[in-house]
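K.L.:
I have a structure I would like to understand better, so I am pasting it below and will then ask my questions one at a time.
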Amino acid sequence: MESIDGKGDLLGYLLGARATLVWKLDGLGEYDIRRPLTPTGTNLLGLVKHSAGTHFRYFGEVFGRTLDISLPWLSDTEPNADLWAAPDEARDNIVTLYRRTCDLADVTIAELPLATAGQVPWWGGADVTLHHVLAHVTAETQRHAGHADIVRELIDGSAGLLPTHDNLPTDDTDWWTNRHARIEAAARLADRS
């Protein structure tokens, strides 16, 4: 049996989620990447912006590491200012900052052992390890990649895991239309029960 590479496994899933999150912006105009598609305002660019802050704080502040980067929205007094982009916040700047925070997070992950201790101030100063933080941020980024997949599908019908692996059974629109109709019919029948 091969030895287990916990750090490598977690990082692999984190890298995949990051790629999905940014890919969901491809080919869309400014309005579509910014428009809120849920009652709580979920939007594609806001998910990327939020994830930049997550990487920055968890892999920097938690381990007392100074990261040579500034995310102005982290000091904003508006709750959830990191979950949407103001008109003067350019897509390219947000994506560039996101990639930089990911690179800096990767340095922290590479340099520190999984057992390295840190503290999460916004968790009341809770003690954590790099392993805990890596698992947490991987799960959170995967969650937001899933949000982005659904939001993108609502925008233009595009869905899938990665540009090179969409993980969908078919791209036949008739098949999907029929599937949707079958699921809708089943829901209506179940509602009558």
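Naming scheme: A, B, ... for chains in displayed order of the structure tokens; residues 1 onward per chain; ligands 1 onward as shown.
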Going by DSSP on the backbone, which residues of chain A come out as helix (DSSP H, G or I)? List them as a PyMOL selection string.
P.N.:
chain A and resi 6-23+30-34+44-59+61-63+72-75+81-83+91-111+121-123+130-156+173-192
K.L.:
Do a neighbour search on stretch 121-127 of chain A at 10 Å with only C-alpha atoms, toss out local chain neighbours closer than 5 positions, and write the hits as a list in words.
P.N.:
Arg57, Tyr58, Glu61, Val62 and His132 of chain A
K.L.:
If you keep C-alpha atoms, can you produce a file of those selected residues as a PDB file, in the first residue's frame?
P.N.:
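Dumped to result-v6.pdb:
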ATOM      1  CA  ARG A  57      -6.811  35.321   6.172  1.00  0.00           C
ATOM      2  CA  TYR A  58      -6.641  31.597   6.854  1.00  0.00           C
ATOM      3  CA  GLU A  61      -3.253  35.788   9.621  1.00  0.00           C
ATOM      4  CA  VAL A  62      -4.042  32.450  11.284  1.00  0.00           C
ATOM      5  CA  HIS A 132      -7.560  21.759  10.087  1.00  0.00           C
TER       6      HIS A 132
END
K.L.:
Report the distance between atom CA of A:Gly12 and atom CA of A:Ala90 in Å, rounded to one decimal place.
P.N.:
28.6 Å
K.L.:
Mind checking which residues fall within 12 Å of A:Thr40, counting only C-alpha atoms, ignoring those fewer than 5 positions away in the same chain, and posting them as JSON, numbers by chain?
P.N.:
{"A": [35, 46, 80, 83, 84]}
K.L.:
For the residues in that selection, give me C-alpha atoms as a CSV table (one decimal), in the first residue's frame.
P.N.:
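The file below, selection01.csv, is the result:
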chain,number,residue,atom,x,y,z
A,35,ARG,CA,-25.6,40.1,-11.0
A,46,GLY,CA,-18.4,38.0,-5.4
A,80,ASN,CA,-20.4,40.7,3.5
A,83,LEU,CA,-19.4,38.8,-1.5
A,84,TRP,CA,-20.1,41.3,-4.3
K.L.:
Can you work out which one of A:Thr164, A:Ser158, A:Thr116, A:Thr101 has the shortest atom-to-atom distance to A:Gly27, counting only C-alpha atoms?
P.N.:
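Looking only at the distances to A:Gly27, the closest residue turns out to be A:Ser158.
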